[in-house]
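Asks: Take a look at run.cif, mmCIF, C-alpha atoms:
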```
data_target
#
loop_
_atom_site.group_PDB
_atom_site.id
_atom_site.type_symbol
_atom_site.label_atom_id
_atom_site.label_comp_id
_atom_site.auth_asym_id
_atom_site.auth_seq_id
_atom_site.Cartn_x
_atom_site.Cartn_y
_atom_site.Cartn_z
ATOM 1 C CA MET A 1 -18.629 -16.479 6.661
ATOM 2 C CA ILE A 2 -16.979 -13.229 5.557
ATOM 3 C CA ASP A 3 -14.391 -11.142 7.357
ATOM 4 C CA TYR A 4 -15.210 -7.576 8.375
ATOM 5 C CA ALA A 5 -12.923 -5.942 5.806
ATOM 6 C CA LEU A 6 -14.468 -7.749 2.844
ATOM 7 C CA ALA A 7 -17.954 -7.164 4.263
ATOM 8 C CA CYS A 8 -17.221 -3.426 4.116
ATOM 9 C CA ARG A 9 -16.916 -3.656 0.338
ATOM 10 C CA THR A 10 -20.660 -4.238 0.048
ATOM 11 C CA GLY A 11 -21.249 -0.656 1.134
ATOM 12 C CA ILE A 12 -23.921 -1.727 3.639
ATOM 13 C CA PHE A 13 -21.751 -2.877 6.544
ATOM 14 C CA ARG A 14 -21.785 -0.777 9.706
ATOM 15 C CA LEU A 15 -18.489 -0.347 11.503
ATOM 16 C CA GLU A 16 -20.238 0.563 14.757
ATOM 17 C CA ASN A 17 -21.712 -2.879 15.377
ATOM 18 C CA LYS A 18 -19.852 -5.015 12.764
ATOM 19 C CA GLN A 19 -23.145 -6.021 11.130
ATOM 20 C CA PHE A 20 -24.893 -5.463 7.820
ATOM 21 C CA ASP A 21 -27.254 -2.490 7.989
ATOM 22 C CA GLU A 22 -30.734 -4.005 8.293
ATOM 23 C CA GLU A 23 -32.450 -0.626 7.930
ATOM 24 C CA LEU A 24 -30.698 0.098 4.663
ATOM 25 C CA LEU A 25 -31.312 -3.446 3.414
ATOM 26 C CA GLY A 26 -34.988 -2.968 4.212
ATOM 27 C CA GLU A 27 -35.080 0.280 2.223
ATOM 28 C CA LEU A 28 -33.525 -1.556 -0.716
ATOM 29 C CA GLY A 29 -35.799 -4.568 -0.390
ATOM 30 C CA ILE A 30 -32.867 -6.950 0.061
ATOM 31 C CA SER A 31 -32.969 -9.845 2.496
ATOM 32 C CA LYS A 32 -30.162 -10.044 5.052
ATOM 33 C CA SER A 33 -30.229 -13.823 4.595
ATOM 34 C CA LEU A 34 -28.469 -13.368 1.252
ATOM 35 C CA PHE A 35 -25.293 -12.251 3.024
ATOM 36 C CA SER A 36 -22.598 -14.236 4.760
ATOM 37 C CA LYS A 37 -22.068 -14.002 8.496
ATOM 38 C CA PRO A 38 -19.453 -11.298 9.286
ATOM 39 C CA MET A 39 -16.631 -12.381 11.598
ATOM 40 C CA LEU A 40 -13.216 -11.188 12.729
ATOM 41 C CA THR A 41 -10.338 -12.060 10.423
ATOM 42 C CA GLY A 42 -8.538 -15.118 11.767
ATOM 43 C CA SER A 43 -11.656 -16.723 13.274
ATOM 44 C CA ILE A 44 -12.024 -20.500 13.080
ATOM 45 C CA VAL A 45 -15.142 -21.037 10.982
ATOM 46 C CA GLY A 46 -15.362 -24.837 10.878
ATOM 47 C CA SER A 47 -13.652 -27.952 9.578
ATOM 48 C CA VAL A 48 -12.987 -29.257 6.100
ATOM 49 C CA LYS A 49 -15.872 -31.312 4.718
ATOM 50 C CA GLU A 50 -15.236 -35.024 4.994
ATOM 51 C CA SER A 51 -15.571 -35.527 1.226
ATOM 52 C CA VAL A 52 -13.088 -32.744 0.534
ATOM 53 C CA ALA A 53 -10.659 -34.039 3.154
ATOM 54 C CA LYS A 54 -10.787 -37.483 1.555
ATOM 55 C CA GLU A 55 -10.201 -36.042 -1.924
ATOM 56 C CA LEU A 56 -7.196 -34.012 -0.720
ATOM 57 C CA GLY A 57 -5.818 -36.729 1.514
ATOM 58 C CA ILE A 58 -5.904 -34.604 4.688
ATOM 59 C CA SER A 59 -7.447 -35.080 8.097
ATOM 60 C CA PRO A 60 -11.189 -34.340 8.343
ATOM 61 C CA LYS A 61 -10.323 -32.536 11.574
ATOM 62 C CA THR A 62 -8.470 -29.854 9.572
ATOM 63 C CA LYS A 63 -9.776 -26.446 10.645
ATOM 64 C CA LEU A 64 -10.744 -23.598 8.354
ATOM 65 C CA VAL A 65 -9.438 -20.155 9.372
ATOM 66 C CA LEU A 66 -11.072 -17.027 7.973
ATOM 67 C CA GLY A 67 -8.694 -14.972 5.852
ATOM 68 C CA SER A 68 -9.099 -11.539 4.281
ATOM 69 C CA HIS A 69 -8.238 -9.754 1.049
ATOM 70 C CA ASP A 70 -4.732 -9.281 -0.314
ATOM 71 C CA GLN A 71 -3.830 -5.913 1.204
ATOM 72 C CA ILE A 72 -4.686 -6.923 4.761
ATOM 73 C CA CYS A 73 -2.973 -10.317 4.521
ATOM 74 C CA SER A 74 0.116 -8.682 2.983
ATOM 75 C CA ALA A 75 0.222 -6.041 5.724
ATOM 76 C CA LEU A 76 -0.017 -8.677 8.437
ATOM 77 C CA GLY A 77 2.645 -10.750 6.656
ATOM 78 C CA ALA A 78 4.891 -7.689 6.670
ATOM 79 C CA GLY A 79 4.615 -7.489 10.453
ATOM 80 C CA VAL A 80 2.190 -4.568 10.625
ATOM 81 C CA VAL A 81 0.294 -5.030 13.904
ATOM 82 C CA LYS A 82 0.353 -1.578 15.538
ATOM 83 C CA SER A 83 -1.182 1.827 14.923
ATOM 84 C CA GLY A 84 1.138 4.087 12.898
ATOM 85 C CA GLU A 85 2.618 1.213 10.911
ATOM 86 C CA SER A 86 2.034 0.587 7.215
ATOM 87 C CA VAL A 87 3.004 -1.588 4.286
ATOM 88 C CA ASP A 88 3.928 0.043 0.967
ATOM 89 C CA GLY A 89 3.189 -2.261 -1.944
ATOM 90 C CA LEU A 90 5.347 -1.131 -4.859
ATOM 91 C CA GLY A 91 3.993 -2.973 -7.860
ATOM 92 C CA THR A 92 2.434 -1.803 -11.120
ATOM 93 C CA VAL A 93 0.200 0.273 -8.858
ATOM 94 C CA GLU A 94 1.443 1.562 -5.501
ATOM 95 C CA CYS A 95 -0.751 0.995 -2.468
ATOM 96 C CA ILE A 96 0.037 1.991 1.101
ATOM 97 C CA THR A 97 -2.029 0.127 3.684
ATOM 98 C CA ALA A 98 -1.956 2.222 6.867
ATOM 99 C CA VAL A 99 -3.138 0.954 10.268
ATOM 100 C CA PHE A 100 -4.679 3.119 13.008
ATOM 101 C CA ASP A 101 -6.607 2.651 16.255
ATOM 102 C CA SER A 102 -9.378 5.250 16.094
ATOM 103 C CA ARG A 103 -12.234 5.203 13.593
ATOM 104 C CA PRO A 104 -12.341 8.530 11.690
ATOM 105 C CA ILE A 105 -15.761 10.153 11.463
ATOM 106 C CA ASN A 106 -14.964 12.939 8.958
ATOM 107 C CA VAL A 107 -16.962 12.183 5.811
ATOM 108 C CA GLU A 108 -14.328 14.021 3.721
ATOM 109 C CA MET A 109 -12.087 11.001 4.195
ATOM 110 C CA GLY A 110 -14.476 8.917 2.113
ATOM 111 C CA ARG A 111 -14.967 11.666 -0.441
ATOM 112 C CA SER A 112 -11.207 11.670 -0.983
ATOM 113 C CA GLY A 113 -11.336 7.975 -1.819
ATOM 114 C CA TYR A 114 -10.014 6.595 1.471
ATOM 115 C CA VAL A 115 -11.838 3.660 3.002
ATOM 116 C CA CYS A 116 -11.930 2.715 6.668
ATOM 117 C CA VAL A 117 -12.161 -1.019 7.347
ATOM 118 C CA PRO A 118 -11.496 -3.226 10.381
ATOM 119 C CA TYR A 119 -7.972 -4.647 10.333
ATOM 120 C CA ALA A 120 -6.985 -8.247 11.113
ATOM 121 C CA VAL A 121 -5.960 -7.224 14.637
ATOM 122 C CA ASP A 122 -9.102 -6.634 16.702
ATOM 123 C CA GLY A 123 -9.525 -2.963 17.612
ATOM 124 C CA LEU A 124 -7.441 -1.628 14.723
ATOM 125 C CA TYR A 125 -8.567 -0.180 11.381
ATOM 126 C CA CYS A 126 -6.823 0.390 8.083
ATOM 127 C CA THR A 127 -7.108 2.429 4.918
ATOM 128 C CA TYR A 128 -5.484 2.392 1.470
ATOM 129 C CA MET A 129 -3.635 5.120 -0.396
ATOM 130 C CA PHE A 130 -3.152 4.618 -4.127
ATOM 131 C CA ASN A 131 -1.002 5.808 -6.999
ATOM 132 C CA TYR A 132 -2.011 4.173 -10.285
ATOM 133 C CA SER A 133 1.392 4.789 -11.944
ATOM 134 C CA SER A 134 4.273 3.314 -9.989
ATOM 135 C CA GLY A 135 6.131 0.337 -11.426
ATOM 136 C CA SER A 136 4.181 0.854 -14.625
ATOM 137 C CA LEU A 137 5.712 4.328 -14.970
ATOM 138 C CA VAL A 138 9.230 2.954 -14.477
ATOM 139 C CA ASN A 139 8.550 0.295 -17.116
ATOM 140 C CA TRP A 140 7.168 2.897 -19.541
ATOM 141 C CA PHE A 141 10.366 4.908 -19.227
ATOM 142 C CA ARG A 142 12.560 1.812 -19.510
ATOM 143 C CA LYS A 143 10.796 0.204 -22.480
ATOM 144 C CA ASP A 144 9.129 2.968 -24.485
ATOM 145 C CA ILE A 145 11.439 5.915 -23.884
ATOM 146 C CA LEU A 146 14.890 4.348 -23.498
ATOM 147 C CA HIS A 147 13.918 1.211 -25.447
ATOM 148 C CA GLY A 148 15.833 -0.972 -23.020
ATOM 149 C CA TYR A 149 19.124 0.956 -23.331
ATOM 150 C CA ARG A 150 21.549 -0.108 -20.592
ATOM 151 C CA GLY A 151 24.897 1.269 -21.629
ATOM 152 C CA GLU A 152 27.609 -1.238 -20.774
ATOM 153 C CA GLN A 153 25.810 -2.500 -17.673
ATOM 154 C CA ALA A 154 24.082 -5.848 -17.169
ATOM 155 C CA ASP A 155 20.599 -4.321 -17.263
ATOM 156 C CA PHE A 156 18.701 -1.041 -17.241
ATOM 157 C CA PHE A 157 18.576 -0.782 -13.455
ATOM 158 C CA ALA A 158 22.319 -1.352 -13.065
ATOM 159 C CA TYR A 159 22.878 1.352 -15.689
ATOM 160 C CA MET A 160 20.661 3.796 -13.807
ATOM 161 C CA ASP A 161 22.305 3.020 -10.470
ATOM 162 C CA GLU A 162 25.683 3.674 -12.056
ATOM 163 C CA THR A 163 24.760 6.999 -13.674
ATOM 164 C CA MET A 164 22.198 8.475 -11.256
ATOM 165 C CA GLY A 165 23.467 10.991 -8.715
ATOM 166 C CA GLU A 166 22.613 11.153 -5.020
ATOM 167 C CA GLU A 167 21.161 14.659 -5.020
ATOM 168 C CA PRO A 168 17.608 15.703 -6.017
ATOM 169 C CA SER A 169 17.060 15.765 -9.753
ATOM 170 C CA GLY A 170 15.661 19.311 -9.867
ATOM 171 C CA LEU A 171 12.801 18.010 -12.030
ATOM 172 C CA LEU A 172 9.166 17.598 -11.054
ATOM 173 C CA THR A 173 7.275 14.552 -12.305
ATOM 174 C CA LEU A 174 3.529 14.365 -11.810
ATOM 175 C CA PRO A 175 2.902 10.597 -12.023
ATOM 176 C CA TYR A 176 -0.665 10.636 -13.309
ATOM 177 C CA PHE A 177 0.109 8.583 -16.403
ATOM 178 C CA ALA A 178 -2.944 6.389 -15.679
ATOM 179 C CA GLY A 179 -5.049 9.024 -13.928
ATOM 180 C CA ALA A 180 -4.929 10.310 -10.354
ATOM 181 C CA ALA A 181 -6.020 8.040 -7.507
ATOM 182 C CA THR A 182 -6.338 9.190 -3.878
ATOM 183 C CA PRO A 183 -6.959 11.903 -2.833
ATOM 184 C CA TYR A 184 -8.100 13.425 -6.160
ATOM 185 C CA GLN A 185 -10.021 10.517 -7.684
ATOM 186 C CA ASN A 186 -9.601 11.875 -11.215
ATOM 187 C CA ILE A 187 -9.167 9.166 -13.843
ATOM 188 C CA ASN A 188 -8.765 11.867 -16.530
ATOM 189 C CA ALA A 189 -5.679 13.452 -14.926
ATOM 190 C CA LYS A 190 -2.505 13.340 -17.021
ATOM 191 C CA GLY A 191 1.172 13.051 -16.171
ATOM 192 C CA ALA A 192 3.771 15.775 -16.627
ATOM 193 C CA ILE A 193 7.529 16.313 -16.322
ATOM 194 C CA LEU A 194 8.659 19.885 -15.606
ATOM 195 C CA ASN A 195 11.964 21.799 -15.539
ATOM 196 C CA LEU A 196 13.524 19.980 -18.493
ATOM 197 C CA THR A 197 16.563 21.545 -20.169
ATOM 198 C CA THR A 198 19.064 20.482 -22.814
ATOM 199 C CA ARG A 199 21.316 19.407 -19.938
ATOM 200 C CA THR A 200 18.771 16.904 -18.596
ATOM 201 C CA LYS A 201 20.082 13.335 -18.734
ATOM 202 C CA ASP A 202 18.205 10.054 -18.848
ATOM 203 C CA SER A 203 19.267 9.325 -15.277
ATOM 204 C CA ASP A 204 17.801 12.691 -14.181
ATOM 205 C CA LEU A 205 14.483 11.728 -15.724
ATOM 206 C CA TYR A 206 14.588 8.349 -14.054
ATOM 207 C CA ARG A 207 15.337 9.837 -10.652
ATOM 208 C CA SER A 208 12.537 12.372 -11.083
ATOM 209 C CA ILE A 209 10.088 9.529 -11.716
ATOM 210 C CA LEU A 210 11.133 7.886 -8.453
ATOM 211 C CA GLU A 211 10.895 11.256 -6.689
ATOM 212 C CA GLY A 212 7.468 12.004 -8.173
ATOM 213 C CA THR A 213 5.958 8.731 -6.986
ATOM 214 C CA ALA A 214 7.429 9.333 -3.513
ATOM 215 C CA MET A 215 6.038 12.881 -3.396
ATOM 216 C CA GLU A 216 2.618 11.665 -4.486
ATOM 217 C CA MET A 217 2.454 9.259 -1.572
ATOM 218 C CA ARG A 218 3.658 11.993 0.777
ATOM 219 C CA VAL A 219 0.653 14.042 -0.381
ATOM 220 C CA ASN A 220 -1.512 11.095 0.647
ATOM 221 C CA MET A 221 0.198 10.772 4.015
ATOM 222 C CA GLU A 222 -0.311 14.456 4.767
ATOM 223 C CA LYS A 223 -3.944 14.269 3.655
ATOM 224 C CA MET A 224 -4.573 11.359 6.002
ATOM 225 C CA ARG A 225 -3.211 13.366 8.941
ATOM 226 C CA GLU A 226 -6.276 15.585 8.571
ATOM 227 C CA PHE A 227 -8.313 12.536 9.561
ATOM 228 C CA GLY A 228 -6.084 11.549 12.475
ATOM 229 C CA VAL A 229 -4.069 8.864 10.664
ATOM 230 C CA ARG A 230 -0.282 9.125 10.948
ATOM 231 C CA ILE A 231 2.370 6.871 9.413
ATOM 232 C CA GLU A 232 5.545 6.437 11.421
ATOM 233 C CA ARG A 233 7.183 3.611 9.473
ATOM 234 C CA ALA A 234 6.566 1.519 6.361
ATOM 235 C CA VAL A 235 7.495 -1.948 5.174
ATOM 236 C CA ALA A 236 8.128 -2.103 1.419
ATOM 237 C CA THR A 237 6.937 -5.063 -0.639
ATOM 238 C CA GLY A 238 6.576 -5.804 -4.343
ATOM 239 C CA GLY A 239 9.028 -5.332 -7.198
ATOM 240 C CA GLY A 240 9.946 -1.785 -6.198
ATOM 241 C CA ALA A 241 11.200 -3.063 -2.838
ATOM 242 C CA ASN A 242 14.235 -4.449 -4.723
ATOM 243 C CA SER A 243 15.443 -0.932 -5.566
ATOM 244 C CA ASP A 244 17.636 0.472 -2.785
ATOM 245 C CA ARG A 245 17.788 3.837 -4.571
ATOM 246 C CA TRP A 246 14.020 4.130 -4.768
ATOM 247 C CA LEU A 247 13.542 3.238 -1.104
ATOM 248 C CA GLN A 248 16.175 5.747 0.012
ATOM 249 C CA ILE A 249 14.499 8.448 -2.070
ATOM 250 C CA LYS A 250 11.151 7.571 -0.477
ATOM 251 C CA ALA A 251 12.663 7.709 3.016
ATOM 252 C CA ASP A 252 14.278 11.092 2.290
ATOM 253 C CA ILE A 253 11.126 12.652 0.839
ATOM 254 C CA GLN A 254 8.563 11.116 3.198
ATOM 255 C CA ASN A 255 10.797 11.409 6.284
ATOM 256 C CA ILE A 256 9.993 7.937 7.593
ATOM 257 C CA SER A 257 11.991 4.735 7.951
ATOM 258 C CA ILE A 258 11.352 2.021 5.378
ATOM 259 C CA GLN A 259 12.101 -1.674 5.838
ATOM 260 C CA THR A 260 12.314 -4.565 3.408
ATOM 261 C CA LEU A 261 11.646 -8.234 4.096
ATOM 262 C CA ARG A 262 13.607 -11.403 3.526
ATOM 263 C CA SER A 263 10.570 -12.843 1.730
ATOM 264 C CA SER A 264 8.405 -10.874 -0.661
ATOM 265 C CA GLU A 265 5.457 -13.272 -0.223
ATOM 266 C CA GLY A 266 3.722 -11.096 2.343
ATOM 267 C CA GLY A 267 0.205 -12.393 1.656
ATOM 268 C CA LEU A 268 1.143 -16.025 2.247
ATOM 269 C CA CYS A 269 3.043 -15.083 5.389
ATOM 270 C CA GLY A 270 -0.012 -13.185 6.622
ATOM 271 C CA CYS A 271 -2.197 -16.275 6.136
ATOM 272 C CA ALA A 272 0.349 -18.347 8.075
ATOM 273 C CA ILE A 273 0.267 -15.808 10.912
ATOM 274 C CA LEU A 274 -3.545 -15.888 11.008
ATOM 275 C CA GLN A 275 -3.531 -19.681 11.223
ATOM 276 C CA ALA A 276 -0.767 -19.816 13.832
ATOM 277 C CA VAL A 277 -2.683 -17.551 16.205
ATOM 278 C CA ALA A 278 -6.075 -19.161 15.508
ATOM 279 C CA MET A 279 -4.776 -22.667 16.160
ATOM 280 C CA GLY A 280 -2.753 -21.749 19.232
ATOM 281 C CA GLY A 281 0.654 -22.123 17.626
ATOM 282 C CA ALA A 282 1.329 -18.534 18.704
ATOM 283 C CA SER A 283 -0.251 -16.750 21.648
ATOM 284 C CA SER A 284 -0.563 -13.380 19.881
ATOM 285 C CA TYR A 285 0.067 -11.610 16.600
ATOM 286 C CA ASP A 286 3.148 -9.996 18.131
ATOM 287 C CA GLU A 287 4.602 -13.418 18.896
ATOM 288 C CA ALA A 288 3.708 -14.750 15.442
ATOM 289 C CA VAL A 289 5.266 -11.725 13.731
ATOM 290 C CA ASN A 290 8.477 -12.172 15.726
ATOM 291 C CA ARG A 291 8.599 -15.771 14.553
ATOM 292 C CA PHE A 292 7.576 -15.397 10.905
ATOM 293 C CA VAL A 293 8.651 -11.937 9.747
ATOM 294 C CA VAL A 294 12.343 -11.351 9.040
ATOM 295 C CA THR A 295 13.556 -7.866 8.100
ATOM 296 C CA LYS A 296 16.154 -7.637 5.363
ATOM 297 C CA ARG A 297 17.203 -3.983 5.211
ATOM 298 C CA GLN A 298 16.180 -0.652 6.697
ATOM 299 C CA PHE A 299 16.401 2.802 5.124
ATOM 300 C CA PHE A 300 16.425 5.944 7.249
ATOM 301 C CA PRO A 301 15.767 9.494 5.992
ATOM 302 C CA ASN A 302 18.794 11.651 5.345
ATOM 303 C CA ALA A 303 18.112 14.945 7.156
ATOM 304 C CA GLU A 304 20.008 17.119 4.654
ATOM 305 C CA ARG A 305 18.338 15.607 1.619
ATOM 306 C CA HIS A 306 14.932 15.808 3.281
ATOM 307 C CA LEU A 307 15.465 19.539 3.701
ATOM 308 C CA SER A 308 16.733 19.895 0.134
ATOM 309 C CA TYR A 309 13.502 18.341 -1.142
ATOM 310 C CA ARG A 310 11.321 20.782 0.807
ATOM 311 C CA GLU A 311 11.119 23.482 -1.875
ATOM 312 C CA SER A 312 10.485 20.965 -4.660
ATOM 313 C CA TYR A 313 7.756 19.293 -2.653
ATOM 314 C CA GLU A 314 5.992 22.596 -1.939
ATOM 315 C CA LYS A 315 5.914 23.205 -5.692
ATOM 316 C CA TYR A 316 4.814 19.635 -6.366
ATOM 317 C CA LYS A 317 1.729 20.042 -4.157
ATOM 318 C CA LYS A 318 0.504 22.889 -6.381
ATOM 319 C CA LEU A 319 0.893 21.053 -9.694
ATOM 320 C CA TYR A 320 -2.366 19.109 -9.714
ATOM 321 C CA ASP A 321 -4.548 22.226 -9.396
ATOM 322 C CA ILE A 322 -2.384 24.218 -11.805
ATOM 323 C CA LEU A 323 -2.306 21.595 -14.564
ATOM 324 C CA LYS A 324 -5.720 19.907 -14.299
ATOM 325 C CA GLU A 325 -7.311 22.450 -16.661
ATOM 326 C CA PHE A 326 -5.066 21.115 -19.436
ATOM 327 C CA ASN A 327 -6.383 17.524 -19.095
#
```
What is this file in structure tokens?

Replies:
Amino acid sequence: MIDYALACRTGIFRLENKQFDEELLGELGISKSLFSKPMLTGSIVGSVKESVAKELGISPKTKLVLGSHDQICSALGAGVVKSGESVDGLGTVECITAVFDSRPINVEMGRSGYVCVPYAVDGLYCTYMFNYSSGSLVNWFRKDILHGYRGEQADFFAYMDETMGEEPSGLLTLPYFAGAATPYQNINAKGAILNLTTRTKDSDLYRSILEGTAMEMRVNMEKMREFGVRIERAVATGGGANSDRWLQIKADIQNISIQTLRSSEGGLCGCAILQAVAMGGASSYDEAVNRFVVTKRQFFPNAERHLSYRESYEKYKKLYDILKEFN
């Protein structure tokens, strides 16, 4: 068995009928029998083999529930069960998993690097928006530029929180330090920091990095609106979700509310939710989310700061086309 989302990664799975494309397989001379049976995420697919149950010391009546890949399980574990919701994974790479209820048909969506796959909740779809340089860019600045300097504070992040102002940095950071992901799909793109002066401080640079990553994901959000996908709120996970400053900057720039969770183990929580619904421990995903998912904090956009970022963001959107000839 394979869930619909993972089946999509073969490139020969049709969203219309949730089956592998027999016509295309025939053209390629590939037998459909080589592929697993596609099923909805969260389906009960059988029981544990008796020999395995004996080896593990569990009941042979133990059921097997079909999971999915990490982004979908993490999104479900973050409580994302409705169209317009998303989870923002802030790790080495940033990935926003956005959920929507209508399958886009504009081929430009795919050409921009955005997939469309069935979500865990039947009738919903999701896509992924990427920035290759997120936590990795913060770590580059911390380790290779400041060499771990932390002033008199306990660590680098406490030092930055102490010295960084609340207002926009005035700098523009293009975060393509590992190439550009969606929507440009240009692995040769390079990063840049603009508007530096002799008055620029390390905390200004740090804030501009946080701003640049937030602006990059706003570009993605606006691009996805062209295909009918809108994000109304996000749940932050990963290491970056521990930075209140970063999340407030994201809320101000992207003009959406951002929540954090009591537990960062979103993928495991998502698997628990799948099993609870499949086995009847919860009557619906809404009920399971209410039981399993606990919000820690919520960040709302500051209207004044959102307006103050407008001019910088309009400039930011032009940078990729202006600077790509220097790559």

Asks: Residues picked by the PyMOL selection byres ((chain A and resi 242) around 12) here, as a list in words?

Replies: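 Those residues are Gly89, Leu90, Gly91, Gly135, Phe157, Ala236, Thr237, Gly238, Gly239, Gly240, Ala241, Ser243, Asp244, Arg245, Trp246, Leu247, Gln248, Gln259, Thr260, Leu261, Arg262, Ser263, Ser264, Lys296 and Arg297 of chain A.
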
Asks: For A:Arg111, please output as a list in words all residues within 12 Å (counting only C-alpha atoms; exclusion window: fewer than 5 positions along the same chain).

Replies: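 The filter keeps Asn106, Cys116, Ala181, Thr182, Pro183, Tyr184 and Gln185 of chain A.
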
Asks: I would like the residues chosen by the PyMOL selection byres ((chain A and resi 300) around 6) on the shown file; could you give them as a list in words?

Replies: Ala251, Ser257, Phe299 and Pro301 of chain A

Asks: What are the nearest atom pairs, with distances in Å to one decimal, for all residues of stretch 101-192 of chain A that come at most 12 Å from stretch 268-292 of chain A, using only C-alpha atoms, set out by chain and rising residue number as a tab-separated table?

Replies:
```
residue	atom	partner	partner_atom	distance
A:Ala120	CA	A:Leu274	CA	8.4
A:Val121	CA	A:Tyr285	CA	7.7
A:Asp122	CA	A:Tyr285	CA	10.4
```

Asks: How far is it from atom CA of A:Asn195 to atom CA of A:Ser208, in Å with one decimal?

Replies: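 These two atoms are separated by 10.4 Å.
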
Asks: Between A:Ser31, A:Thr41, A:Gln254, A:Asn327, which residue has the minimum interatomic distance to A:Lys190, considering all atoms listed in the file?

Replies: A:Asn327

Asks: Skipping near chain neighbours, those fewer than 3 positions away, what residues fall within 12 Å of A:Glu108 using only C-alpha atoms, listed as a count of residues only?

Replies: 14

Asks: Could you tell me which of A:Val117, A:Ala75, A:Val87, A:Val65 comes closest to A:Phe13 if we count only C-alpha atoms?

Replies: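 Smallest separation from A:Phe13 among the options: A:Val117.
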
Asks: Can you pull out every residue within 6 Å of A:Ala5, counting all atoms listed in the file, but drop anything in the same chain fewer than 2 positions away, and send it as a list in words?

Replies: Asp3, Ala7, Cys8, Val117 and Pro118 of chain A

Asks: If I take atom CA of A:Arg9 and atom CA of A:Ile72, how far is one from the other in Å, to one decimal?

Replies: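 If I compute the distance from atom CA of A:Arg9 to atom CA of A:Ile72, I get 13.4 Å.
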
Asks: With all atoms listed in the file as the atoms that count, which of A:Ala234, A:Lys37, A:Asp155, A:Thr10 lies nearest to A:Leu24?

Replies: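 Using all atoms listed in the file, the shortest distance to A:Leu24 belongs to A:Thr10.
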
Asks: To one decimal in Å, tell me the separation between atom CA of A:Gly267 and atom CA of A:Leu66.

Replies: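 Those two atoms sit 13.7 Å apart.
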
Asks: Put the listed atoms of stretch 293-306 of chain A in a box along x, y and z with 4 Å added on every side and give me the centre and edge lengths in Å to one decimal, as lines of an AutoDock Vina configuration file.

Replies:
```
center_x = 14.3
center_y = 2.6
center_z = 5.7
size_x = 19.4
size_y = 37.1
size_z = 16.1
```

Asks: Starting from the PyMOL selection byres ((chain A and resi 180) around 10), expand the selection into actual residues of this file and give them as a short mmCIF file (atom, residue, chain, number, x, y, z; two decimals) with C-alpha atoms, in the coordinates of the input.

Replies:
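Okay, part17.cif is ready:
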```
data_model
loop_
_atom_site.label_atom_id
_atom_site.label_comp_id
_atom_site.auth_asym_id
_atom_site.auth_seq_id
_atom_site.Cartn_x
_atom_site.Cartn_y
_atom_site.Cartn_z
CA PHE A 130 -3.15 4.62 -4.13
CA ASN A 131 -1.00 5.81 -7.00
CA TYR A 132 -2.01 4.17 -10.28
CA SER A 133 1.39 4.79 -11.94
CA LEU A 174 3.53 14.36 -11.81
CA PRO A 175 2.90 10.60 -12.02
CA TYR A 176 -0.66 10.64 -13.31
CA PHE A 177 0.11 8.58 -16.40
CA ALA A 178 -2.94 6.39 -15.68
CA GLY A 179 -5.05 9.02 -13.93
CA ALA A 181 -6.02 8.04 -7.51
CA THR A 182 -6.34 9.19 -3.88
CA PRO A 183 -6.96 11.90 -2.83
CA TYR A 184 -8.10 13.42 -6.16
CA GLN A 185 -10.02 10.52 -7.68
CA ASN A 186 -9.60 11.88 -11.22
CA ILE A 187 -9.17 9.17 -13.84
CA ASN A 188 -8.76 11.87 -16.53
CA ALA A 189 -5.68 13.45 -14.93
CA LYS A 190 -2.50 13.34 -17.02
CA GLY A 191 1.17 13.05 -16.17
CA GLU A 216 2.62 11.66 -4.49
CA TYR A 320 -2.37 19.11 -9.71
#
```

Asks: Taking all atoms listed in the file into account, name the residue in A:Asp21, A:Asp88, A:Glu162, A:Glu55 that is nearest to A:Arg233.

Replies: A:Asp88

Asks: As a tab-separated table (two decimals), in the frame of the given file, could you write out stretch 170-178 of chain A once it has been completed with N, CA and C atoms?

Replies:
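Result saved to selection.tsv:
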```
chain	number	residue	atom	x	y	z
A	170	GLY	N	16.04	17.97	-9.44
A	170	GLY	CA	15.66	19.31	-9.87
A	170	GLY	C	14.46	19.31	-10.79
A	171	LEU	N	13.99	18.13	-11.18
A	171	LEU	CA	12.80	18.01	-12.03
A	171	LEU	C	11.58	17.73	-11.16
A	172	LEU	N	10.42	17.92	-11.74
A	172	LEU	CA	9.17	17.60	-11.05
A	172	LEU	C	8.34	16.70	-11.97
A	173	THR	N	8.08	15.48	-11.52
A	173	THR	CA	7.28	14.55	-12.30
A	173	THR	C	5.94	14.32	-11.60
A	174	LEU	N	4.87	14.63	-12.30
A	174	LEU	CA	3.53	14.36	-11.81
A	174	LEU	C	3.11	13.00	-12.36
A	175	PRO	N	3.00	11.97	-11.51
A	175	PRO	CA	2.90	10.60	-12.02
A	175	PRO	C	1.49	10.14	-12.38
A	176	TYR	N	0.71	11.01	-12.99
A	176	TYR	CA	-0.66	10.64	-13.31
A	176	TYR	C	-0.77	10.10	-14.73
A	177	PHE	N	0.07	9.13	-15.05
A	177	PHE	CA	0.11	8.58	-16.40
A	177	PHE	C	-1.02	7.58	-16.63
A	178	ALA	N	-1.75	7.25	-15.56
A	178	ALA	CA	-2.94	6.39	-15.68
A	178	ALA	C	-4.07	7.00	-14.86
```
